[in-house]
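Trainee: Data file my_file_4.txt (compact mmCIF, C-alpha atoms and all ligand atoms) is appended below.
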# COMPACT_ATOMS: atom_id res chain seq x y z
CA MET A 1 20.45 14.49 10.38
CA LYS A 2 20.51 13.71 6.72
CA ASP A 3 21.22 17.36 6.00
CA GLU A 4 24.00 17.39 8.51
CA LEU A 5 25.69 14.46 6.81
CA ARG A 6 25.36 16.15 3.49
CA TRP A 7 27.00 19.32 4.75
CA ASN A 8 29.78 17.26 6.26
CA LYS A 9 30.34 15.73 2.89
CA ILE A 10 30.31 19.06 1.10
CA PHE A 11 32.72 20.70 3.52
CA GLY A 12 34.94 17.65 3.42
CA GLY A 13 34.96 17.86 -0.34
CA ILE A 14 35.84 21.55 -0.37
CA LEU A 15 38.56 21.08 2.22
CA GLY A 16 40.05 18.21 0.26
CA ALA A 17 39.95 20.19 -2.95
CA VAL A 18 41.63 23.22 -1.43
CA LEU A 19 44.34 21.06 0.05
CA LEU A 20 44.86 19.34 -3.26
CA LEU A 21 45.05 22.69 -5.03
CA LEU A 22 47.69 23.97 -2.61
CA VAL A 23 49.80 20.87 -2.94
CA VAL A 24 49.53 20.80 -6.72
CA ARG A 25 50.42 24.47 -6.91
CA GLN A 26 53.50 23.91 -4.84
CA GLY A 27 54.51 21.16 -7.21
CA ALA A 28 53.95 23.38 -10.23
CA GLU A 29 56.10 26.09 -8.69
CA VAL A 30 58.97 23.71 -8.20
CA LEU A 31 58.68 22.58 -11.80
CA PHE A 32 58.45 26.08 -13.12
CA ALA A 33 61.48 27.40 -11.32
CA THR A 34 63.82 24.52 -11.96
CA LYS A 35 64.47 21.61 -14.21
CA PRO A 36 61.84 18.91 -13.71
CA PRO A 37 62.96 16.72 -10.84
CA ALA A 38 63.28 13.00 -11.48
CA THR A 39 60.15 12.38 -9.42
CA PRO A 40 57.79 15.35 -9.58
CA GLY A 41 56.56 16.28 -6.14
CA TYR A 42 52.99 16.71 -7.21
CA ALA A 43 52.55 13.20 -8.61
CA VAL A 44 52.67 11.83 -5.10
CA ALA A 45 50.55 14.65 -3.74
CA VAL A 46 47.78 14.05 -6.25
CA ALA A 47 47.69 10.37 -5.44
CA ALA A 48 47.46 11.19 -1.73
CA GLY A 49 44.69 13.73 -2.21
CA ALA A 50 42.71 11.78 -4.77
CA GLY A 51 40.57 10.19 -2.11
CA ALA A 52 39.01 13.51 -1.22
CA ALA A 53 36.18 14.35 -3.57
CA ALA A 54 36.73 17.62 -5.43
CA GLU A 55 33.10 18.10 -6.35
CA ALA A 56 32.85 21.80 -5.57
CA VAL A 57 36.07 22.90 -7.28
CA GLU A 58 37.22 22.23 -10.83
CA THR A 59 40.37 20.19 -11.24
CA PRO A 60 43.52 22.31 -11.49
CA PRO A 61 45.45 22.43 -14.77
CA GLU A 62 48.27 20.02 -15.46
CA TRP A 63 50.43 22.61 -17.20
CA GLY A 64 52.71 20.25 -19.11
CA THR A 65 49.69 18.64 -20.76
CA ASP A 66 47.30 21.60 -20.95
CA LEU A 67 49.74 24.15 -22.41
CA ALA A 68 50.95 21.69 -25.02
CA LYS A 69 47.41 21.26 -26.36
CA ALA A 70 46.14 24.82 -25.73
CA ASP A 71 44.61 26.88 -28.55
CA VAL A 72 46.94 29.87 -28.78
CA ALA A 73 44.80 31.65 -31.40
CA ALA A 74 41.76 31.35 -29.16
CA GLY A 75 43.89 32.75 -26.35
CA GLU A 76 44.80 35.75 -28.44
CA ALA A 77 41.10 36.35 -29.05
CA VAL A 78 40.46 36.25 -25.29
CA SER A 79 43.18 38.88 -24.80
CA GLN A 80 40.83 41.39 -26.44
CA LYS A 81 39.13 41.52 -23.05
CA CYS A 82 42.33 42.88 -21.56
CA ALA A 83 43.24 45.27 -24.36
CA SER A 84 41.22 48.19 -23.02
CA CYS A 85 43.65 48.38 -20.08
CA HIS A 86 46.79 46.52 -21.12
CA ASN A 87 49.30 46.85 -23.92
CA PHE A 88 51.09 43.58 -24.74
CA ALA A 89 53.85 44.83 -27.07
CA ASN A 90 57.57 44.74 -26.32
CA GLY A 91 58.40 48.17 -24.91
CA GLY A 92 54.74 49.20 -25.12
CA PRO A 93 53.26 51.78 -22.77
CA ASN A 94 51.56 51.38 -19.45
CA GLN A 95 47.88 52.22 -19.68
CA THR A 96 45.20 51.75 -17.03
CA GLY A 97 47.15 48.56 -16.30
CA PRO A 98 50.87 47.84 -16.70
CA ASN A 99 52.41 46.68 -19.97
CA LEU A 100 52.25 42.88 -20.06
CA TRP A 101 55.10 41.94 -22.41
CA GLY A 102 56.97 39.12 -20.69
CA VAL A 103 54.62 39.05 -17.71
CA ILE A 104 54.81 35.25 -17.36
CA GLY A 105 57.95 34.78 -15.32
CA ARG A 106 58.05 38.42 -14.23
CA LYS A 107 57.98 39.49 -10.60
CA PRO A 108 54.49 40.76 -9.71
CA GLY A 109 54.17 44.51 -9.35
CA SER A 110 57.57 45.17 -10.89
CA HIS A 111 56.98 46.83 -14.24
CA ALA A 112 58.82 50.15 -14.45
CA GLY A 113 56.78 53.32 -14.35
CA PHE A 114 53.50 51.77 -13.20
CA ALA A 115 51.94 52.82 -9.89
CA TYR A 116 50.68 49.53 -8.45
CA SER A 117 48.18 49.26 -5.63
CA SER A 118 49.53 48.42 -2.20
CA ALA A 119 47.62 45.14 -2.51
CA MET A 120 49.71 44.22 -5.55
CA THR A 121 52.90 45.39 -3.85
CA ASP A 122 52.09 43.19 -0.85
CA PHE A 123 51.42 40.27 -3.17
CA SER A 124 54.77 40.91 -4.84
CA GLY A 125 56.46 40.66 -1.45
CA LYS A 126 55.40 37.04 -1.10
CA THR A 127 55.38 35.87 -4.72
CA ALA A 128 58.58 35.40 -6.68
CA VAL A 129 57.13 35.41 -10.19
CA TRP A 130 53.90 35.34 -12.13
CA ASP A 131 54.02 31.67 -13.03
CA TYR A 132 51.25 29.88 -14.93
CA GLN A 133 49.34 28.87 -11.83
CA HIS A 134 49.40 32.32 -10.19
CA VAL A 135 48.19 34.03 -13.35
CA TYR A 136 45.54 31.34 -13.77
CA GLU A 137 44.16 31.89 -10.29
CA PHE A 138 44.44 35.68 -10.50
CA LEU A 139 42.50 35.82 -13.77
CA ALA A 140 39.68 33.68 -12.41
CA GLY A 141 38.74 36.56 -10.11
CA PRO A 142 41.37 39.26 -9.63
CA GLY A 143 39.64 40.91 -6.67
CA ASN A 144 39.13 37.60 -4.92
CA TYR A 145 42.67 36.47 -5.44
CA ILE A 146 44.31 39.79 -4.51
CA SER A 147 41.88 41.64 -2.34
CA GLY A 148 42.28 45.37 -2.96
CA THR A 149 43.86 45.13 -6.40
CA LYS A 150 43.00 48.02 -8.66
CA MET A 151 42.53 45.72 -11.61
CA SER A 152 38.78 46.07 -11.84
CA PHE A 153 38.06 43.14 -14.08
CA VAL A 154 35.45 40.54 -13.24
CA GLY A 155 37.60 37.60 -14.29
CA LEU A 156 37.52 34.76 -16.79
CA LYS A 157 35.24 32.04 -15.50
CA LYS A 158 36.12 29.39 -18.05
CA LYS A 159 39.16 27.29 -17.29
CA GLU A 160 39.69 26.80 -21.02
CA ASP A 161 39.78 30.57 -21.69
CA ARG A 162 42.36 31.08 -19.01
CA ILE A 163 44.59 28.27 -20.22
CA ASN A 164 44.39 29.40 -23.86
CA LEU A 165 45.09 32.99 -22.87
CA ILE A 166 48.07 31.96 -20.76
CA ALA A 167 49.43 29.89 -23.67
CA TRP A 168 49.30 33.04 -25.82
CA LEU A 169 50.58 35.30 -23.05
CA ARG A 170 53.57 33.01 -22.63
CA GLN A 171 54.61 33.77 -26.20
CA GLN A 172 54.47 37.54 -25.67
CA SER A 173 58.03 37.49 -24.35
CA SER A 174 61.62 37.64 -25.53
CA SER A 175 62.31 34.40 -23.65
CA PRO A 176 59.06 32.45 -23.14
CA ALA A 177 58.87 30.47 -19.93
CA ALA A 178 59.46 26.75 -20.27
CA ILE A 179 56.52 24.40 -20.52
CA PRO A 180 57.00 21.76 -17.84
CA ALA A 181 57.33 18.15 -18.89
CA PRO A 182 53.86 16.62 -19.16
CA ASN A 183 52.80 14.45 -16.30
CA PRO A 184 50.31 12.06 -17.93
CA ALA A 185 49.57 10.38 -14.61
CA ALA A 186 48.48 13.63 -12.98
CA ALA A 187 46.49 14.68 -16.05
CA LYS A 188 44.75 11.35 -16.18
CA ALA A 189 43.92 11.44 -12.48
CA ALA A 190 42.41 14.91 -12.93
CA ASP A 191 40.37 13.85 -15.95
CA ALA A 192 39.23 10.58 -14.47
CA LYS A 193 38.02 12.06 -11.21
CA PRO A 194 34.76 13.71 -12.34
CA ALA A 195 33.80 10.52 -14.16
CA ALA A 196 34.46 8.47 -11.04
CA ASP A 197 32.39 10.89 -8.98
CA ALA A 198 29.55 10.72 -11.45
CA ALA A 199 29.59 6.93 -11.32
CA LYS A 200 29.28 6.95 -7.55
CA PRO A 201 25.73 6.18 -6.41
CA ALA A 202 24.05 9.17 -4.80
CA ALA A 203 24.29 8.98 -1.01
C1 LIG B 1 39.70 47.60 -16.37
C2 LIG B 1 41.10 47.53 -16.64
C3 LIG B 1 41.76 46.16 -16.70
C4 LIG B 1 41.38 45.06 -17.44
C5 LIG B 1 40.18 44.90 -18.35
C6 LIG B 1 42.40 44.04 -17.20
N1 LIG B 1 43.35 44.53 -16.33
FE1 LIG B 1 45.00 43.54 -15.68
N2 LIG B 1 45.49 45.11 -14.49
C7 LIG B 1 44.81 46.31 -14.42
C8 LIG B 1 45.39 47.13 -13.39
C9 LIG B 1 44.94 48.53 -13.00
C10 LIG B 1 46.46 46.40 -12.85
C11 LIG B 1 47.36 46.78 -11.67
C12 LIG B 1 46.73 46.15 -10.44
C13 LIG B 1 47.23 46.65 -9.10
O1 LIG B 1 48.21 47.40 -9.03
O2 LIG B 1 46.59 46.26 -8.11
C14 LIG B 1 46.50 45.12 -13.57
C15 LIG B 1 47.43 44.12 -13.34
C16 LIG B 1 47.52 42.93 -14.06
C17 LIG B 1 48.54 41.94 -13.89
C18 LIG B 1 49.71 42.02 -12.93
C19 LIG B 1 50.85 42.70 -13.68
C20 LIG B 1 52.12 42.95 -12.91
O3 LIG B 1 52.97 43.64 -13.44
O4 LIG B 1 52.24 42.46 -11.77
C21 LIG B 1 48.28 40.95 -14.79
C22 LIG B 1 49.07 39.66 -14.98
C23 LIG B 1 47.10 41.33 -15.52
N3 LIG B 1 46.66 42.55 -15.05
C24 LIG B 1 46.54 40.58 -16.52
C25 LIG B 1 45.34 40.92 -17.16
C26 LIG B 1 44.74 40.10 -18.18
C27 LIG B 1 45.35 38.85 -18.76
C28 LIG B 1 43.55 40.69 -18.51
C29 LIG B 1 42.48 40.20 -19.48
C30 LIG B 1 41.95 38.90 -19.23
C31 LIG B 1 43.44 41.90 -17.72
N4 LIG B 1 44.56 42.00 -16.91
C32 LIG B 1 42.40 42.79 -17.78
C33 LIG B 1 43.71 46.66 -15.18
C34 LIG B 1 42.99 45.82 -16.01
Just dump the structure as C-alpha cells.
Ligand code: HEC
Mentor:
Amino acid sequence: MKDELRWNKIFGGILGAVLLLLVVRQGAEVLFATKPPATPGYAVAVAAGAGAAAEAVETPPEWGTDLAKADVAAGEAVSQKCASCHNFANGGPNQTGPNLWGVIGRKPGSHAGFAYSSAMTDFSGKTAVWDYQHVYEFLAGPGNYISGTKMSFVGLKKKEDRINLIAWLRQQSSSPAAIPAPNPAAAKAADAKPAADAAKPAA
C-alpha cells in the first residue's frame, strides 16, 4: 500500500513535469517566432503547473535568462564533441553530419547537399525551425528525441553544457536568432522549485 502511494506520487510527478515541459515549450516557440507578447503565454502556464512536483525531470531552461548568462567560451569548448562530424563555418562542407552554420533558426533537415535520414525528414515536416528548445532537447539524446536519426551521438547530459553550446551555436550565424526577453518570474519559479521540494518533509 505504501509502495502503491509512492508510485502514484512518482507517476504524478512525471506527468506533471511532462505537461509543464510541453506548455513551456509552446510558450518559448511563440516568443522565438515573434516579438514578445505583452503577457508571455508561459508565465501563466508555469504558475498553473507549479503545483505538480517535477522531481524526476530537471527544470526546463528559461531562455531569456539562461542565454544572457551563458558561458559562450565554454560552449565553444563543448562543440569539440561535434567537430568530428560537423563543420560550423559559413559555407563549410557537409561531413558525416550537415554543416551547422546558422542552424539555430534553420528548418530541420534542410541544408543543401546533405542526405538526411527519413526520421529527420519526418521531423522537419512537423517542426518549423530549430529553435533553442528543440536543439536543447535533441542534444540531450538525439536518438531518443528523433527515433531513427542517423546522428549517432550519445547526447550531452548536462543542462549547462547544452545551454552554453547553444549560446555559442547561436553566434555561428550571419543573423543570430534573437534572445527572448528574460522572464524573471519564470526563472525564479524554476529555481525555487527544487528548494521547495527539498524542504518538504518526506512522505
Ligand atoms: C557521429 C557523428 C555526429 C556527431 C558527433 C554529432 N552529430 Fe549532429 N548530426 C550527425 C548526422 C549524421 C546528422 C543528420 C541526422 C539525420 O539525418 O538523421 C546530424 C544532425 C544534426 C543536427 C540537425 C541539422 C539539420 O540540418 O537539421 C543538429 C542541430 C546537430 N546534428 C547538432 C550536433 C551537435 C551540436 C553536436 C555536438 C554536441 C553533434 N551534432 C554531434 C552526426 C553527428
Trainee: Would you mind listing the residues within 7 Å of ligand LIG 1 (chain B), counting all atoms listed in the file, as an MDAnalysis selection string?
Mentor: chainID A and resid 78:79 81:86 96:98 100 103 107:111 115:120 135 139 148:153 155:156
Trainee: Quick one: pull the distance between atom CA of A:Thr65 and atom CA of A:Ala187, Å, one decimal.
Mentor: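 Rounded to one decimal, the two atoms are 6.9 Å apart.
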Trainee: May I have the residues within 8 Å of A:Pro176 as a list in words, using only C-alpha atoms and disregarding those fewer than 4 positions away in the same chain?
Mentor: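 Once the nearby chain positions are removed, what remains is Gly102, Ile104, Arg170, Gln171 and Gln172 of chain A.
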Trainee: A:Asp122, A:Ala177, A:Leu19, A:Asn8: which is nearest A:Ser147, counting all atoms listed in the file?
Mentor: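 Counting all atoms listed in the file, the residue closest to A:Ser147 is A:Asp122.
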Trainee: Please report the interatomic distance between atom CA of A:Ile166 and atom CA of A:Gly141 in Å with one decimal.
Mentor: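 Atom CA of A:Gly141 lies at a distance of 14.9 Å from atom CA of A:Ile166.
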Trainee: Report, in Å to a single decimal, how far apart atom CA of A:Gly12 and atom CA of A:Val154 are.
Mentor: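 These two atoms are separated by 28.3 Å.
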Trainee: For A:Glu58, which of A:Tyr132, A:Arg106, A:Lys158, A:Asn94 is the closest residue, counting only C-alpha atoms?
Mentor: A:Lys158
Trainee: A:Phe11, A:Gly143, A:Gly105, A:Ala189: which is nearest A:Ala128, counting all atoms listed in the file?
Mentor: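 Under the stated criterion, the closest residue is A:Gly105.
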Trainee: Counting only C-alpha atoms, figure out which residue out of A:Val129, A:Ala186, A:Leu15, A:Ala112 gets nearest to A:Trp63.
Mentor: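 Of A:Val129, A:Ala186, A:Leu15, A:Ala112, the one nearest A:Trp63 is A:Ala186, counting only C-alpha atoms.
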Trainee: Listed atoms of stretch 59-77 of chain A, axis-aligned box, 4 Å per side: centre and edge lengths to one decimal in Å, as JSON?
Mentor:
{"center_x": 46.5, "center_y": 27.5, "center_z": -21.3, "size_x": 20.3, "size_y": 25.7, "size_z": 28.2}
Trainee: Using all atoms listed in the file, what does the table of stretch 93-171 of chain A residues within 8 Å of stretch 68-76 of chain A look like, with each row giving the shortest atom pair and its distance in Å to one decimal, sorted by chain and ascending number, as JSON lines?
Mentor:
{"residue": "A:Asp161", "atom": "CA", "partner": "A:Gly75", "partner_atom": "CA", "distance": 6.6}
{"residue": "A:Arg162", "atom": "CA", "partner": "A:Gly75", "partner_atom": "CA", "distance": 7.7}
{"residue": "A:Ile163", "atom": "CA", "partner": "A:Ala70", "partner_atom": "CA", "distance": 6.7}
{"residue": "A:Asn164", "atom": "CA", "partner": "A:Gly75", "partner_atom": "CA", "distance": 4.2}
{"residue": "A:Leu165", "atom": "CA", "partner": "A:Gly75", "partner_atom": "CA", "distance": 3.7}
{"residue": "A:Ile166", "atom": "CA", "partner": "A:Gly75", "partner_atom": "CA", "distance": 7.0}
{"residue": "A:Ala167", "atom": "CA", "partner": "A:Val72", "partner_atom": "CA", "distance": 5.7}
{"residue": "A:Trp168", "atom": "CA", "partner": "A:Val72", "partner_atom": "CA", "distance": 4.9}
{"residue": "A:Leu169", "atom": "CA", "partner": "A:Gly75", "partner_atom": "CA", "distance": 7.9}
Trainee: Save the residues we just selected, C-alpha atoms, as a tab-separated table (two decimals), in the frame of the given file?
Mentor:
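Done, and the output landed in part-v3.tsv:
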chain	number	residue	atom	x	y	z
A	161	ASP	CA	39.78	30.57	-21.69
A	162	ARG	CA	42.36	31.08	-19.01
A	163	ILE	CA	44.59	28.27	-20.22
A	164	ASN	CA	44.39	29.40	-23.86
A	165	LEU	CA	45.09	32.99	-22.87
A	166	ILE	CA	48.07	31.96	-20.76
A	167	ALA	CA	49.43	29.89	-23.67
A	168	TRP	CA	49.30	33.04	-25.82
A	169	LEU	CA	50.58	35.30	-23.05
Trainee: So, counting all atoms listed in the file, which residue among A:Leu5, A:Gly13, A:Gly64, A:Phe114 is closest to A:Pro184?
Mentor: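 For A:Pro184, the nearest of the candidates is A:Gly64.
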Trainee: Find the residue from A:Ala140, A:Pro61, A:Asp3, A:Asn99 that sits nearest to A:Asn183; use all atoms listed in the file when measuring.
Mentor: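 Result for the nearest residue to A:Asn183: A:Pro61.
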